$ cat coords-v7.json   # JSON, C-alpha atoms
[["chain", "number", "residue", "atom", "x", "y", "z"],
["H", 1, "MET", "CA", 5.80, -27.36, -3.44],
["H", 2, "THR", "CA", 6.13, -23.65, -2.72],
["H", 3, "GLN", "CA", 3.53, -21.50, -0.99],
["H", 4, "LEU", "CA", 2.66, -20.07, -4.40],
["H", 5, "ASP", "CA", 1.54, -23.54, -5.42],
["H", 6, "MET", "CA", -0.72, -23.95, -2.39],
["H", 7, "ASP", "CA", -4.36, -22.90, -2.17],
["H", 8, "GLN", "CA", -4.25, -19.25, -0.99],
["H", 9, "ARG", "CA", -7.74, -19.43, 0.47],
["H", 10, "THR", "CA", -6.57, -21.86, 3.14],
["H", 11, "VAL", "CA", -2.82, -21.23, 3.51],
["H", 12, "ARG", "CA", -1.62, -17.73, 4.32],
["H", 13, "ASP", "CA", 1.30, -16.37, 6.28],
["H", 14, "LEU", "CA", -0.86, -13.48, 7.45],
["H", 15, "VAL", "CA", -4.65, -13.43, 7.65],
["H", 16, "PRO", "CA", -6.22, -10.07, 6.76],
["H", 17, "THR", "CA", -8.35, -8.15, 9.25],
["H", 18, "PHE", "CA", -10.76, -5.33, 8.42],
["H", 19, "HIS", "CA", -12.58, -2.63, 10.39],
["H", 20, "ALA", "CA", -16.27, -3.52, 10.65],
["H", 21, "SER", "CA", -17.28, -0.15, 9.18],
["H", 22, "ILE", "CA", -15.57, -0.39, 5.78],
["H", 23, "GLY", "CA", -16.84, -1.90, 2.55],
["H", 24, "VAL", "CA", -16.53, -1.78, -1.21],
["H", 25, "GLY", "CA", -18.41, 0.81, -3.25],
["H", 26, "PRO", "CA", -18.21, 3.18, -6.20],
["H", 27, "SER", "CA", -15.06, 5.31, -6.36],
["H", 28, "GLN", "CA", -14.60, 8.68, -8.02],
["H", 29, "ILE", "CA", -10.89, 7.86, -8.29],
["H", 30, "HIS", "CA", -10.88, 4.48, -10.02],
["H", 31, "GLY", "CA", -14.15, 2.58, -10.46],
["H", 32, "ILE", "CA", -14.42, 0.69, -7.18],
["H", 33, "GLY", "CA", -12.89, 1.64, -3.85],
["H", 34, "VAL", "CA", -13.02, 1.06, -0.10],
["H", 35, "LEU", "CA", -15.57, 3.31, 1.62],
["H", 36, "ALA", "CA", -16.30, 4.14, 5.23],
["H", 37, "GLN", "CA", -19.80, 2.93, 6.11],
["H", 38, "SER", "CA", -19.76, 5.06, 9.27],
["H", 39, "CYS", "CA", -17.49, 7.77, 10.66],
["H", 40, "ILE", "CA", -13.96, 6.57, 11.46],
["H", 41, "SER", "CA", -11.69, 8.51, 13.84],
["H", 42, "PRO", "CA", -7.97, 9.19, 13.28],
["H", 43, "GLY", "CA", -5.82, 6.36, 14.59],
["H", 44, "GLN", "CA", -8.46, 3.67, 14.14],
["H", 45, "MET", "CA", -7.21, 0.50, 12.48],
["H", 46, "LEU", "CA", -8.74, 0.13, 9.02],
["H", 47, "MET", "CA", -7.10, -3.11, 7.93],
["H", 48, "ARG", "CA", -4.20, -5.44, 8.45],
["H", 49, "PHE", "CA", -3.00, -6.78, 5.13],
["H", 50, "GLY", "CA", -2.86, -10.52, 4.60],
["H", 51, "GLY", "CA", -1.37, -12.94, 2.13],
["H", 52, "VAL", "CA", 1.82, -14.84, 1.58],
["H", 53, "LEU", "CA", 5.28, -13.45, 2.36],
["H", 54, "LEU", "CA", 7.51, -13.86, -0.69],
["H", 55, "PRO", "CA", 10.88, -12.68, -1.96],
["H", 56, "ALA", "CA", 10.41, -9.36, -3.77],
["H", 57, "ALA", "CA", 11.98, -10.91, -6.87],
["H", 58, "LEU", "CA", 8.76, -12.92, -7.34],
["H", 59, "ARG", "CA", 6.54, -9.84, -7.73],
["H", 60, "ARG", "CA", 6.28, -10.29, -11.49],
["H", 61, "ASP", "CA", 5.96, -14.06, -11.29],
["H", 62, "SER", "CA", 2.90, -15.19, -13.25],
["H", 63, "ARG", "CA", 1.52, -16.88, -10.12],
["H", 64, "VAL", "CA", 1.48, -13.61, -8.10],
["H", 65, "LEU", "CA", -1.46, -11.23, -8.43],
["H", 66, "ASP", "CA", 0.59, -8.07, -9.03],
["H", 67, "SER", "CA", -2.04, -5.63, -7.84],
["H", 68, "THR", "CA", -1.92, -7.21, -4.38],
["H", 69, "ALA", "CA", 1.84, -6.97, -3.81],
["H", 70, "ILE", "CA", 2.98, -4.58, -1.10],
["H", 71, "GLY", "CA", 6.50, -4.23, 0.19],
["H", 72, "VAL", "CA", 6.89, -5.16, 3.85],
["H", 73, "ALA", "CA", 10.70, -5.16, 3.89],
["H", 74, "GLU", "CA", 13.46, -4.24, 1.48],
["H", 75, "SER", "CA", 13.36, -7.64, -0.22],
["H", 76, "VAL", "CA", 10.03, -9.07, 0.97],
["H", 77, "ILE", "CA", 6.51, -8.63, -0.40],
["H", 78, "LEU", "CA", 3.12, -9.63, 0.92],
["H", 79, "ALA", "CA", 0.91, -10.75, -1.94],
["H", 80, "GLU", "CA", -1.87, -13.06, -3.08],
["H", 81, "SER", "CA", -1.56, -15.67, -5.77],
["H", 82, "VAL", "CA", -3.48, -15.52, -9.01],
["H", 83, "GLY", "CA", -6.89, -17.05, -8.33],
["H", 84, "ALA", "CA", -6.96, -16.16, -4.64],
["H", 85, "ASP", "CA", -10.16, -14.70, -3.24],
["H", 86, "LYS", "CA", -10.25, -10.89, -3.35],
["H", 87, "ASP", "CA", -10.56, -8.96, -0.11],
["H", 88, "LEU", "CA", -11.16, -5.30, 0.74],
["H", 89, "SER", "CA", -7.48, -4.40, 0.40],
["H", 90, "ASP", "CA", -7.65, -5.21, -3.31],
["H", 91, "TYR", "CA", -9.93, -2.18, -3.79],
["H", 92, "LEU", "CA", -7.80, 0.35, -1.92],
["H", 93, "ASN", "CA", -7.06, 3.25, -4.28],
["H", 94, "HIS", "CA", -4.12, 5.63, -4.38],
["H", 95, "SER", "CA", -4.41, 9.31, -3.52],
["H", 96, "CYS", "CA", -1.66, 11.90, -3.40],
["H", 97, "ALA", "CA", -3.50, 13.32, -0.35],
["H", 98, "PRO", "CA", -4.47, 10.08, 1.44],
["H", 99, "ASN", "CA", -6.58, 9.71, 4.56],
["H", 100, "SER", "CA", -4.81, 6.57, 5.81],
["H", 101, "GLY", "CA", -1.29, 5.37, 6.48],
["H", 102, "LEU", "CA", 0.75, 2.53, 7.92],
["H", 103, "VAL", "CA", 1.74, 2.26, 11.57],
["H", 104, "ASP", "CA", 3.84, -0.83, 10.84],
["H", 105, "ALA", "CA", 4.52, -2.95, 7.76],
["H", 106, "ILE", "CA", 0.95, -4.28, 7.46],
["H", 107, "THR", "CA", -1.44, -2.19, 9.60],
["H", 108, "LEU", "CA", -3.34, 0.64, 7.90],
["H", 109, "VAL", "CA", -4.95, 3.30, 10.12],
["H", 110, "ALA", "CA", -7.04, 6.41, 9.52],
["H", 111, "THR", "CA", -4.84, 9.51, 9.56],
["H", 112, "THR", "CA", -7.77, 11.93, 9.48],
["H", 113, "GLU", "CA", -11.44, 11.84, 10.35],
["H", 114, "ILE", "CA", -13.10, 9.79, 7.62],
["H", 115, "GLY", "CA", -16.79, 10.53, 7.21],
["H", 116, "GLN", "CA", -19.50, 8.07, 6.28],
["H", 117, "GLY", "CA", -19.40, 7.37, 2.53],
["H", 118, "VAL", "CA", -15.88, 8.80, 2.12],
["H", 119, "GLU", "CA", -13.38, 6.71, 0.18],
["H", 120, "ILE", "CA", -10.42, 5.38, 2.14],
["H", 121, "THR", "CA", -7.22, 6.10, 0.22],
["H", 122, "VAL", "CA", -3.50, 5.57, 0.67],
["H", 123, "ASP", "CA", -0.37, 6.81, -1.08],
["H", 124, "TYR", "CA", 1.20, 3.80, -2.82],
["H", 125, "ALA", "CA", 4.61, 5.36, -2.04],
["H", 126, "TYR", "CA", 4.05, 4.14, 1.52],
["H", 127, "TRP", "CA", 4.88, 0.57, 0.54],
["H", 128, "GLU", "CA", 6.18, 0.45, -3.02],
["H", 129, "PHE", "CA", 9.61, -1.16, -3.00],
["H", 130, "ASP", "CA", 10.25, -1.47, -6.76],
["H", 131, "GLU", "CA", 11.72, 1.74, -8.17],
["H", 132, "THR", "CA", 10.90, 0.61, -11.73],
["H", 133, "TRP", "CA", 7.16, 0.31, -10.94],
["H", 134, "THR", "CA", 4.71, 2.92, -12.24],
["H", 135, "LEU", "CA", 0.94, 3.22, -11.86],
["H", 136, "LYS", "CA", -0.60, 1.98, -15.11],
["H", 137, "HIS", "CA", -2.78, 5.06, -15.55],
["H", 138, "PRO", "CA", -2.45, 8.75, -14.61],
["H", 139, "CYS", "CA", -3.46, 9.49, -11.02],
["H", 140, "GLN", "CA", -7.04, 10.72, -10.82],
["H", 141, "CYS", "CA", -7.20, 11.52, -7.11],
["H", 142, "GLY", "CA", -8.17, 15.13, -7.76],
["H", 143, "SER", "CA", -6.17, 16.53, -4.85],
["H", 144, "GLY", "CA", -4.37, 19.86, -5.13],
["H", 145, "ASP", "CA", -1.15, 17.94, -4.41],
["H", 146, "CYS", "CA", -1.72, 15.38, -7.20],
["H", 147, "ARG", "CA", 1.53, 14.10, -8.70],
["H", 148, "HIS", "CA", -0.37, 12.85, -11.81],
["H", 149, "SER", "CA", 2.09, 9.99, -12.23],
["H", 150, "VAL", "CA", 2.89, 7.60, -9.41],
["H", 151, "SER", "CA", 6.05, 5.51, -9.28],
["H", 152, "GLY", "CA", 8.28, 3.46, -7.05],
["H", 153, "CYS", "CA", 10.64, 6.45, -6.81],
["H", 154, "ASP", "CA", 8.12, 8.86, -5.30],
["H", 155, "TRP", "CA", 9.53, 8.43, -1.79],
["H", 156, "ARG", "CA", 12.62, 10.32, -3.01],
["H", 157, "SER", "CA", 10.58, 13.52, -3.46],
["H", 158, "PRO", "CA", 11.02, 15.79, -0.40],
["H", 159, "GLU", "CA", 7.28, 16.53, -0.27],
["H", 160, "VAL", "CA", 6.33, 12.84, -0.37],
["H", 161, "ALA", "CA", 9.20, 11.85, 1.92],
["H", 162, "GLU", "CA", 7.98, 14.19, 4.65],
["H", 163, "ARG", "CA", 4.59, 12.44, 4.78],
["H", 164, "CYS", "CA", 6.19, 9.01, 4.32],
["H", 165, "LEU", "CA", 8.25, 9.45, 7.48],
["H", 166, "LEU", "CA", 4.99, 9.40, 9.42],
["H", 167, "TRP", "CA", 2.91, 6.86, 7.51],
["H", 168, "ALA", "CA", 5.06, 4.57, 5.35],
["H", 169, "ALA", "CA", 6.22, 1.02, 5.88],
["H", 170, "PRO", "CA", 9.33, 0.92, 8.08],
["H", 171, "PHE", "CA", 11.63, -0.06, 5.20],
["H", 172, "VAL", "CA", 10.53, 3.05, 3.24],
["H", 173, "ARG", "CA", 11.18, 5.21, 6.29],
["H", 174, "ARG", "CA", 14.68, 3.73, 6.53],
["H", 175, "ARG", "CA", 15.26, 4.50, 2.83],
["H", 176, "ILE", "CA", 14.24, 8.13, 3.37],
["H", 177, "LEU", "CA", 16.44, 8.55, 6.44],
["H", 178, "SER", "CA", 19.39, 6.95, 4.63],
["H", 179, "LEU", "CA", 18.96, 9.26, 1.64],
["H", 180, "ALA", "CA", 18.72, 12.30, 3.93],
["H", 181, "HIS", "CA", 21.93, 11.19, 5.66],
["H", 182, "GLU", "CA", 23.68, 10.79, 2.28],
["H", 183, "ARG", "CA", 22.54, 14.25, 1.18],
["H", 184, "ARG", "CA", 23.90, 15.83, 4.38],
["H", 185, "ASN", "CA", 27.28, 14.15, 3.84],
["H", 186, "ILE", "CA", 27.72, 15.30, 0.24]]
$ encode --input "coords-v7.json" --output "C-alpha cells"
Amino acid sequence: MTQLDMDQRTVRDLVPTFHASIGVGPSQIHGIGVLAQSCISPGQMLMRFGGVLLPAALRRDSRVLDSTAIGVAESVILAESVGADKDLSDYLNHSCAPNSGLVDAITLVATTEIGQGVEITVDYAYWEFDETWTLKHPCQCGSGDCRHSVSGCDWRSPEVAERCLLWAAPFVRRRILSLAHERRNI
C-alpha cells in the first residue's frame, strides 16, 4: 500500500499550519481566495503547506488532487490525494504581483503589509516544477505586471526570475542561478 492509498486525513508527511488571522472569502481574482482577517506584517508566517511527499512523476496520477501539488524539490511534490479534506492552501490564488512568498520549500510569509480583508496571493512560479504546466484560465490578477498567461516556464523570464530569487522554493532559485550561469558562459 502506498501513501496515496492511505487516508490523507490521518496520514500526512507534513501537517499544514495556518496563521490565526487568515480565512477563506470571496476573491476578485478567482471566486474564492484566502483573505487576511486582520492586518498582517511583512515577514509573518501565513502558512506551512502540508500533505504527502511524492515523486513529481505522480502529479497527474488520478489519485493526486492536481490543484494541491506544489514542487518542493526538483523531483518531489507535496500534494493531497483526491478526496482529502480541503484546507486554506487550496484557496490560495495566483497574482503576478503577489503579497506573499516562500522562505523555504513549504513556508509562505507575507512580503508586504497585508491589510484586513485583503486577499493573500502568491506567484505560482515560486513552486511550479513542471515546465509543461499552464494555468487553465487567463490570469485575472489585475496587476500592472500581469503576465495574462501563467506557466511552468515563467521562472525563466528575467522579470519573474528577479522576484523568484527572493521568494521562490529553493529548487526554483537553483534553477534561476544555474540558467544565469549558463547565460554568462555562452
$ residues_around --input "coords-v7.json" --residues "region 24-35 of chain H" --least-positions-apart "2" --cutoff "12 Å" --atoms "all atoms listed in the file" --output "mmCIF file with C-alpha atoms, keeping the file's coordinate frame"
data_model
loop_
_atom_site.group_PDB
_atom_site.id
_atom_site.type_symbol
_atom_site.label_atom_id
_atom_site.label_comp_id
_atom_site.auth_asym_id
_atom_site.auth_seq_id
_atom_site.Cartn_x
_atom_site.Cartn_y
_atom_site.Cartn_z
ATOM 1 C CA PHE H 18 -10.760 -5.330 8.420
ATOM 2 C CA HIS H 19 -12.580 -2.630 10.390
ATOM 3 C CA ALA H 20 -16.270 -3.520 10.650
ATOM 4 C CA SER H 21 -17.280 -0.150 9.180
ATOM 5 C CA ILE H 22 -15.570 -0.390 5.780
ATOM 6 C CA GLN H 37 -19.800 2.930 6.110
ATOM 7 C CA SER H 38 -19.760 5.060 9.270
ATOM 8 C CA CYS H 39 -17.490 7.770 10.660
ATOM 9 C CA ILE H 40 -13.960 6.570 11.460
ATOM 10 C CA LEU H 46 -8.740 0.130 9.020
ATOM 11 C CA MET H 47 -7.100 -3.110 7.930
ATOM 12 C CA LYS H 86 -10.250 -10.890 -3.350
ATOM 13 C CA ASP H 87 -10.560 -8.960 -0.110
ATOM 14 C CA LEU H 88 -11.160 -5.300 0.740
ATOM 15 C CA SER H 89 -7.480 -4.400 0.400
ATOM 16 C CA ASP H 90 -7.650 -5.210 -3.310
ATOM 17 C CA TYR H 91 -9.930 -2.180 -3.790
ATOM 18 C CA LEU H 92 -7.800 0.350 -1.920
ATOM 19 C CA ASN H 93 -7.060 3.250 -4.280
ATOM 20 C CA HIS H 94 -4.120 5.630 -4.380
ATOM 21 C CA SER H 95 -4.410 9.310 -3.520
ATOM 22 C CA CYS H 96 -1.660 11.900 -3.400
ATOM 23 C CA PRO H 98 -4.470 10.080 1.440
ATOM 24 C CA ASN H 99 -6.580 9.710 4.560
ATOM 25 C CA SER H 100 -4.810 6.570 5.810
ATOM 26 C CA ILE H 114 -13.100 9.790 7.620
ATOM 27 C CA GLY H 115 -16.790 10.530 7.210
ATOM 28 C CA GLN H 116 -19.500 8.070 6.280
ATOM 29 C CA GLY H 117 -19.400 7.370 2.530
ATOM 30 C CA VAL H 118 -15.880 8.800 2.120
ATOM 31 C CA GLU H 119 -13.380 6.710 0.180
ATOM 32 C CA ILE H 120 -10.420 5.380 2.140
ATOM 33 C CA THR H 121 -7.220 6.100 0.220
ATOM 34 C CA VAL H 122 -3.500 5.570 0.670
ATOM 35 C CA LYS H 136 -0.600 1.980 -15.110
ATOM 36 C CA HIS H 137 -2.780 5.060 -15.550
ATOM 37 C CA PRO H 138 -2.450 8.750 -14.610
ATOM 38 C CA CYS H 139 -3.460 9.490 -11.020
ATOM 39 C CA GLN H 140 -7.040 10.720 -10.820
ATOM 40 C CA CYS H 141 -7.200 11.520 -7.110
ATOM 41 C CA GLY H 142 -8.170 15.130 -7.760
ATOM 42 C CA SER H 143 -6.170 16.530 -4.850
ATOM 43 C CA CYS H 146 -1.720 15.380 -7.200
#
$ closest_residue --input "coords-v7.json" --among "H:Tyr126, H:Ala161, H:Arg12, H:Trp133" --to "Ser67 (chain H)" --atoms "all atoms listed in the file"
H:Trp133
$ closest_residue --input "coords-v7.json" --among "H:Thr111, H:Ser62, H:Thr68, H:Ser81" --to "Arg163 (chain H)" --atoms "all atoms listed in the file"
H:Thr111
$ closest_residue --input "coords-v7.json" --among "H:Leu177, H:Val109, H:Phe171, H:Tyr124" --to "Ser151 (chain H)" --atoms "only C-alpha atoms"
H:Tyr124
$ closest_residue --input "coords-v7.json" --among "H:Val160, H:Ile70, H:Leu65, H:Leu53" --to "Ala97 (chain H)" --atoms "all atoms listed in the file"
H:Val160
$ atom_distance --input "coords-v7.json" --atom1 "CA of Thr134 (chain H)" --atom2 "CA of Gly152 (chain H)"
6.3 Å
$ atom_distance --input "coords-v7.json" --atom1 "CA of Ala125 (chain H)" --atom2 "CA of Asn185 (chain H)"
25.0 Å
$ closest_residue --input "coords-v7.json" --among "H:Val103, H:Ala169, H:Ala180, H:Ala69" --to "Trp127 (chain H)" --atoms "all atoms listed in the file"
H:Ala169
$ atom_distance --input "coords-v7.json" --atom1 "CA of Leu135 (chain H)" --atom2 "CA of His148 (chain H)"
9.7 Å
